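Content type mmCIF, C-alpha atoms and all ligand atoms, from the file upload18.cif:
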```cif
data_input
loop_
_atom_site.label_atom_id
_atom_site.label_comp_id
_atom_site.auth_asym_id
_atom_site.auth_seq_id
_atom_site.Cartn_x
_atom_site.Cartn_y
_atom_site.Cartn_z
CA MET A 1 -78.83 72.30 6.04
CA VAL A 2 -78.45 72.73 9.74
CA HIS A 3 -75.05 72.52 11.43
CA ILE A 4 -74.65 71.13 14.95
CA SER A 5 -71.66 72.20 17.04
CA GLN A 6 -71.03 69.77 19.86
CA LEU A 7 -69.06 71.37 22.71
CA ILE A 8 -67.69 68.87 25.20
CA LEU A 9 -66.89 70.90 28.29
CA GLY A 10 -63.39 70.18 29.57
CA ASP A 11 -63.21 66.88 31.40
CA THR A 12 -66.73 67.22 32.84
CA GLY A 13 -68.27 64.97 30.18
CA CYS A 14 -71.10 67.53 29.94
CA VAL A 15 -72.06 68.76 26.50
CA SER A 16 -73.48 72.02 25.19
CA TYR A 17 -74.73 72.47 21.64
CA VAL A 18 -75.04 75.29 19.16
CA VAL A 19 -77.51 74.58 16.33
CA VAL A 20 -76.92 76.86 13.36
CA CYS A 21 -78.58 77.67 10.06
CA LYS A 22 -75.51 79.00 8.28
CA LYS A 23 -77.53 80.28 5.34
CA LYS A 24 -79.75 82.57 7.42
CA ARG A 25 -77.05 83.04 10.08
CA GLU A 26 -79.32 82.16 12.98
CA CYS A 27 -78.61 79.79 15.83
CA ALA A 28 -79.83 78.33 19.10
CA ILE A 29 -77.74 77.58 22.19
CA ILE A 30 -78.76 74.40 23.98
CA ASP A 31 -77.78 73.42 27.53
CA SER A 32 -75.14 76.02 28.37
CA PHE A 33 -73.40 75.90 31.76
CA GLU A 34 -71.82 78.32 34.20
CA GLY A 35 -68.04 78.29 34.02
CA PHE A 36 -68.16 77.32 30.33
CA GLU A 37 -69.64 80.49 28.84
CA GLU A 38 -66.33 81.05 27.00
CA ASP A 39 -66.78 77.77 25.11
CA ILE A 40 -70.06 79.13 23.71
CA HIS A 41 -68.61 82.57 22.98
CA GLU A 42 -65.65 81.04 21.13
CA GLU A 43 -67.92 78.81 19.07
CA LEU A 44 -70.18 81.75 18.15
CA LYS A 45 -67.07 83.64 17.04
CA ARG A 46 -65.86 80.65 15.02
CA LEU A 47 -69.28 80.49 13.34
CA GLY A 48 -69.08 84.18 12.41
CA PHE A 49 -71.44 85.49 15.10
CA PRO A 50 -74.82 84.17 13.94
CA ILE A 51 -77.87 85.79 15.57
CA VAL A 52 -78.82 83.85 18.71
CA LYS A 53 -82.55 83.29 18.18
CA TYR A 54 -83.18 80.89 21.05
CA VAL A 55 -81.53 79.79 24.25
CA ILE A 56 -82.84 76.38 25.16
CA ASP A 57 -82.68 73.90 28.04
CA THR A 58 -83.49 70.22 27.68
CA HIS A 59 -84.41 70.04 31.38
CA THR A 60 -83.65 71.29 34.89
CA HIS A 61 -80.12 70.05 35.48
CA ALA A 62 -79.14 68.52 38.81
CA ASP A 63 -75.39 68.27 38.30
CA ARG A 64 -74.38 71.67 36.92
CA LYS A 65 -75.58 75.27 37.03
CA SER A 66 -77.28 76.44 33.83
CA ALA A 67 -75.99 79.54 32.01
CA SER A 68 -79.12 79.79 29.86
CA SER A 69 -80.58 82.84 31.63
CA TYR A 70 -77.20 84.57 31.16
CA PHE A 71 -77.22 83.88 27.41
CA ALA A 72 -80.91 84.81 27.06
CA GLY A 73 -80.12 88.16 28.76
CA GLU A 74 -76.96 88.74 26.74
CA ASN A 75 -78.90 88.29 23.51
CA GLY A 76 -81.97 90.29 24.56
CA LEU A 77 -84.33 87.31 24.31
CA ASP A 78 -87.76 87.01 25.96
CA GLY A 79 -86.61 84.09 28.07
CA VAL A 80 -85.20 80.57 28.06
CA VAL A 81 -87.00 77.92 26.01
CA LYS A 82 -88.19 75.14 28.31
CA SER A 83 -90.94 72.58 28.68
CA GLU A 84 -94.22 74.05 29.91
CA MET A 85 -93.89 71.53 32.76
CA THR A 86 -90.91 73.35 34.26
CA LYS A 87 -91.14 75.08 37.62
CA TYR A 88 -88.51 77.61 36.53
CA LYS A 89 -89.35 81.04 37.95
CA GLY A 90 -87.24 83.14 35.56
CA LYS A 91 -88.26 84.50 32.16
CA LYS A 92 -89.14 81.59 29.92
CA ILE A 93 -90.72 80.53 26.66
CA ASN A 94 -92.92 77.52 27.39
CA THR A 95 -93.11 74.68 24.88
CA LYS A 96 -95.25 71.60 24.54
CA ASP A 97 -94.86 68.40 22.57
CA GLY A 98 -94.86 68.99 18.82
CA ASP A 99 -94.07 72.72 18.94
CA ILE A 100 -91.75 73.94 16.18
CA LEU A 101 -89.03 76.58 16.67
CA LYS A 102 -87.60 78.11 13.51
CA ILE A 103 -83.85 78.65 13.42
CA GLY A 104 -83.26 80.27 10.03
CA ASN A 105 -84.48 77.67 7.53
CA ALA A 106 -84.31 74.84 10.05
CA GLU A 107 -87.27 73.58 12.06
CA LEU A 108 -86.55 72.35 15.57
CA GLU A 109 -89.33 70.14 16.89
CA VAL A 110 -90.05 69.79 20.60
CA LEU A 111 -90.44 66.21 21.82
CA TYR A 112 -91.73 66.13 25.39
CA THR A 113 -89.82 63.22 26.94
CA PRO A 114 -90.29 63.21 30.73
CA GLY A 115 -88.69 60.63 33.01
CA HIS A 116 -85.20 61.81 33.94
CA THR A 117 -87.07 64.95 35.06
CA TYR A 118 -90.72 65.95 34.80
CA ASP A 119 -89.75 68.84 32.52
CA HIS A 120 -87.54 67.05 29.99
CA ASN A 121 -87.65 67.93 26.28
CA CYS A 122 -85.65 66.36 23.48
CA TYR A 123 -85.31 68.45 20.32
CA LEU A 124 -85.35 67.04 16.81
CA VAL A 125 -83.85 69.03 13.96
CA GLU A 126 -83.35 67.67 10.43
CA GLY A 127 -82.72 64.09 11.55
CA ASN A 128 -80.63 65.06 14.58
CA LEU A 129 -81.96 64.36 18.06
CA LEU A 130 -80.66 66.46 20.93
CA SER A 131 -81.50 63.83 23.49
CA GLY A 132 -80.54 65.66 26.69
CA ASP A 133 -80.47 63.29 29.64
CA CYS A 134 -83.22 61.08 28.26
CA LEU A 135 -81.07 58.89 26.01
CA PHE A 136 -77.30 58.49 26.31
CA ILE A 137 -74.91 56.28 24.35
CA GLY A 138 -75.59 52.87 25.87
CA ASP A 139 -77.67 54.15 28.75
CA VAL A 140 -80.44 56.49 29.89
CA GLY A 141 -80.71 59.32 32.43
CA ARG A 142 -81.29 58.46 36.09
CA ILE A 143 -84.72 58.97 37.65
CA ASP A 144 -83.68 59.21 41.31
CA LEU A 145 -82.91 62.93 41.63
CA GLY A 146 -86.20 64.18 43.08
CA GLY A 147 -89.81 63.21 42.46
CA ASP A 148 -91.49 59.83 42.53
CA PRO A 149 -89.16 57.15 41.12
CA ARG A 150 -92.00 54.85 40.07
CA GLU A 151 -93.87 57.58 38.22
CA LYS A 152 -90.67 58.85 36.60
CA THR A 153 -89.64 55.34 35.56
CA GLU A 154 -92.96 54.90 33.78
CA MET A 155 -92.59 58.30 32.10
CA LEU A 156 -89.07 57.46 30.93
CA TYR A 157 -90.23 54.07 29.67
CA ASN A 158 -92.88 55.77 27.52
CA SER A 159 -90.47 58.49 26.37
CA LEU A 160 -88.02 55.84 25.14
CA ARG A 161 -90.80 54.12 23.21
CA LYS A 162 -91.42 57.46 21.53
CA LEU A 163 -87.73 57.89 20.58
CA GLU A 164 -87.64 54.34 19.19
CA LYS A 165 -90.21 55.37 16.60
CA LEU A 166 -87.78 57.85 15.03
CA PRO A 167 -85.99 56.73 11.84
CA GLY A 168 -83.02 54.47 12.63
CA GLU A 169 -80.53 56.83 11.01
CA THR A 170 -81.53 59.70 13.32
CA LYS A 171 -78.34 60.97 14.98
CA VAL A 172 -78.39 61.08 18.77
CA TYR A 173 -76.55 63.90 20.57
CA PRO A 174 -76.70 63.49 24.36
CA ASN A 175 -76.06 65.93 27.20
CA HIS A 176 -73.42 63.67 28.79
CA VAL A 177 -70.71 61.51 27.28
CA GLY A 178 -67.86 59.39 28.56
CA ALA A 179 -66.54 57.63 31.60
CA VAL A 180 -67.13 60.49 34.02
CA HIS A 181 -70.86 59.72 33.60
CA ALA A 182 -70.31 55.96 33.74
CA ILE A 183 -70.82 55.71 29.98
CA ASP A 184 -68.57 53.03 28.49
CA SER A 185 -68.49 54.27 24.91
CA GLU A 186 -65.88 56.76 23.74
CA ASP A 187 -68.22 57.93 20.99
CA THR A 188 -69.73 61.36 21.37
CA PHE A 189 -72.85 60.73 19.30
CA SER A 190 -74.85 57.77 18.15
CA THR A 191 -77.91 56.82 16.11
CA ILE A 192 -81.33 55.51 17.08
CA SER A 193 -80.64 52.16 15.34
CA LYS A 194 -77.30 51.72 17.16
CA GLU A 195 -78.98 52.45 20.48
CA MET A 196 -81.86 50.08 19.76
CA LYS A 197 -79.25 47.39 19.21
CA ASN A 198 -76.72 48.18 21.94
CA ASN A 199 -78.40 50.24 24.66
CA GLU A 200 -79.19 48.01 27.62
CA ALA A 201 -82.10 50.17 28.79
CA LEU A 202 -83.80 49.86 25.41
CA GLN A 203 -83.72 46.07 25.59
CA VAL A 204 -86.00 46.04 28.64
CA LYS A 205 -89.57 45.91 27.30
CA ASP A 206 -91.35 45.16 30.54
CA ILE A 207 -92.20 48.02 32.88
CA LYS A 208 -91.56 46.03 36.08
CA LYS A 209 -88.15 44.87 34.88
CA PHE A 210 -87.44 48.42 33.75
CA TYR A 211 -88.14 49.71 37.26
CA THR A 212 -85.58 47.24 38.61
CA TYR A 213 -83.12 48.34 35.92
CA MET A 214 -83.67 52.01 36.81
CA THR A 215 -83.34 51.59 40.58
CA ASP A 216 -80.55 49.01 40.87
CA GLY A 217 -76.88 49.89 41.29
CA TRP A 218 -76.72 53.49 40.08
CA PRO A 219 -73.68 55.61 40.95
CA ALA A 220 -73.69 58.10 43.85
CA LYS A 221 -75.84 61.18 43.38
CA PRO A 222 -74.02 64.34 42.21
CA ASP A 223 -72.67 66.65 44.94
CA SER A 224 -75.20 69.26 46.13
CA TRP A 225 -77.79 68.08 43.59
CA GLU A 226 -80.72 69.52 45.53
CA GLU A 227 -79.07 72.95 45.78
CA ILE A 228 -78.21 72.88 42.07
CA ILE A 229 -81.81 72.07 41.13
CA ALA A 230 -83.04 74.92 43.38
CA TYR A 231 -80.52 77.29 41.75
CA ASN A 232 -81.55 76.25 38.24
CA LEU A 233 -85.24 76.88 39.04
CA LYS A 234 -84.66 80.45 40.28
FE FE B 301 -79.86 65.87 33.98
#
```
Taking this structure as input, can you express it in the form of structure tokens?
Amino acid sequence: MVHISQLILGDTGCVSYVVVCKKKRECAIIDSFEGFEEDIHEELKRLGFPIVKYVIDTHTHADRKSASSYFAGENGLDGVVKSEMTKYKGKKINTKDGDILKIGNAELEVLYTPGHTYDHNCYLVEGNLLSGDCLFIGDVGRIDLGGDPREKTEMLYNSLRKLEKLPGETKVYPNHVGAVHAIDSEDTFSTISKEMKNNEALQVKDIKKFYTYMTDGWPAKPDSWEEIIAYNLK
């Protein structure tokens, strides 16, 4: 059975994950960030130094610099696992919807879930959804950091419909938690059925109303978000 280490990074509310097959001693690092490399190193040590088979991003982050290329280099990998839709110019392993990545005995399935960004993937592994910035606890990822808000809203709307089809007991592990990201819940993970019941964004089943929901009253954009995106695409 797969083990998921959830690493909440200081008081940033950002979350990195290590997905491990303890039996075969292989793992994947998902959404690592500059300044928090030690958190990953410590967790790998705690897990007994499993082989890092993949370094994965859910999407091009706009609020924090990715450390994925660092970890891919450190572990001699061919590149960072990303959606084929990414404009990332570094070494990468492109994925498309439905692709399977083997981590020891575990199968990690790629779910292409654009909306928050055009290159957003969620990853499903043994009933656990790494939901990135597509689905949070009680909310969803913003669509206003670059691109066409109308197009991205429609993409997000369809991506959420896709996640709703997952079994209700599927655990949801997001890329952001807590008040610093305007998320009310103190929980750090959820389930699809809880979100279908409680998540405001999932109650809106009309695309026009959803556009209003997605464009009304969102918090200020992160500092230097355009520079951070440019950095993360290098
Ligand atoms: Fe994001």
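Residues of protein, DNA or RNA having any atom at most 10 Å from ligand FE 301 (chain B), counting all atoms listed in the file, are Cys14, Thr58, His59, Thr60, His61, Ala62, Asp63, Arg64, His116, Thr117, His120, Gly132, Asp133, Cys134, Gly141, Arg142, Ile143, Leu145, Asn175, His176 and Ile229 of chain A.
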* Could you name the residues that touch Phe33 (chain A) at 9 Å or less, counting only C-alpha atoms, but leaving out those on the same chain fewer than 2 positions away, as a PyMOL selection string? -> chain A and resi 9+14-16+31+35-37+64-68
Would you mind exporting the chosen residues as a PDB file, in the frame of the given file, restricted to C-alpha atoms?
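Once written, part_36.pdb looks like this:
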```pdb
ATOM      1  CA  LEU A   9     -66.890  70.900  28.290  1.00  0.00           C
ATOM      2  CA  CYS A  14     -71.100  67.530  29.940  1.00  0.00           C
ATOM      3  CA  VAL A  15     -72.060  68.760  26.500  1.00  0.00           C
ATOM      4  CA  SER A  16     -73.480  72.020  25.190  1.00  0.00           C
ATOM      5  CA  ASP A  31     -77.780  73.420  27.530  1.00  0.00           C
ATOM      6  CA  GLY A  35     -68.040  78.290  34.020  1.00  0.00           C
ATOM      7  CA  PHE A  36     -68.160  77.320  30.330  1.00  0.00           C
ATOM      8  CA  GLU A  37     -69.640  80.490  28.840  1.00  0.00           C
ATOM      9  CA  ARG A  64     -74.380  71.670  36.920  1.00  0.00           C
ATOM     10  CA  LYS A  65     -75.580  75.270  37.030  1.00  0.00           C
ATOM     11  CA  SER A  66     -77.280  76.440  33.830  1.00  0.00           C
ATOM     12  CA  ALA A  67     -75.990  79.540  32.010  1.00  0.00           C
ATOM     13  CA  SER A  68     -79.120  79.790  29.860  1.00  0.00           C
TER      14      SER A  68
END
```
* Would you please work out which residue, of A:Ala201, A:Met196, A:Val172, A:Cys122, is nearest to Asp139 (chain A) when using only C-alpha atoms? =>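 Closest to Asp139 (chain A), using only C-alpha atoms: A:Ala201.
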* **Met85 (chain A) surroundings by all atoms listed in the file, 10 Å radius, close-in-sequence under 3 positions cut, as a list in words** => His59, Lys82, Tyr88, Asn94, Thr95, Lys96, Tyr112, Pro114, Thr117, Tyr118, Asp119, His120 and Asn121 of chain A
I'd like the contact shell of Glu74 (chain A) - 12 Å cut-off, all atoms listed in the file, skipping same-chain residues fewer than 4 positions apart - returned as a compact mmCIF listing (two decimals) with C-alpha atoms, in the coordinates of the input.
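That gives us part19.txt:
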```
# COMPACT_ATOMS: atom_id res chain seq x y z
CA GLU A 37 -69.64 80.49 28.84
CA HIS A 41 -68.61 82.57 22.98
CA ILE A 51 -77.87 85.79 15.57
CA VAL A 52 -78.82 83.85 18.71
CA LYS A 53 -82.55 83.29 18.18
CA TYR A 54 -83.18 80.89 21.05
CA VAL A 55 -81.53 79.79 24.25
CA ALA A 67 -75.99 79.54 32.01
CA SER A 68 -79.12 79.79 29.86
CA SER A 69 -80.58 82.84 31.63
CA TYR A 70 -77.20 84.57 31.16
CA ASP A 78 -87.76 87.01 25.96
CA GLY A 79 -86.61 84.09 28.07
CA VAL A 80 -85.20 80.57 28.06
```
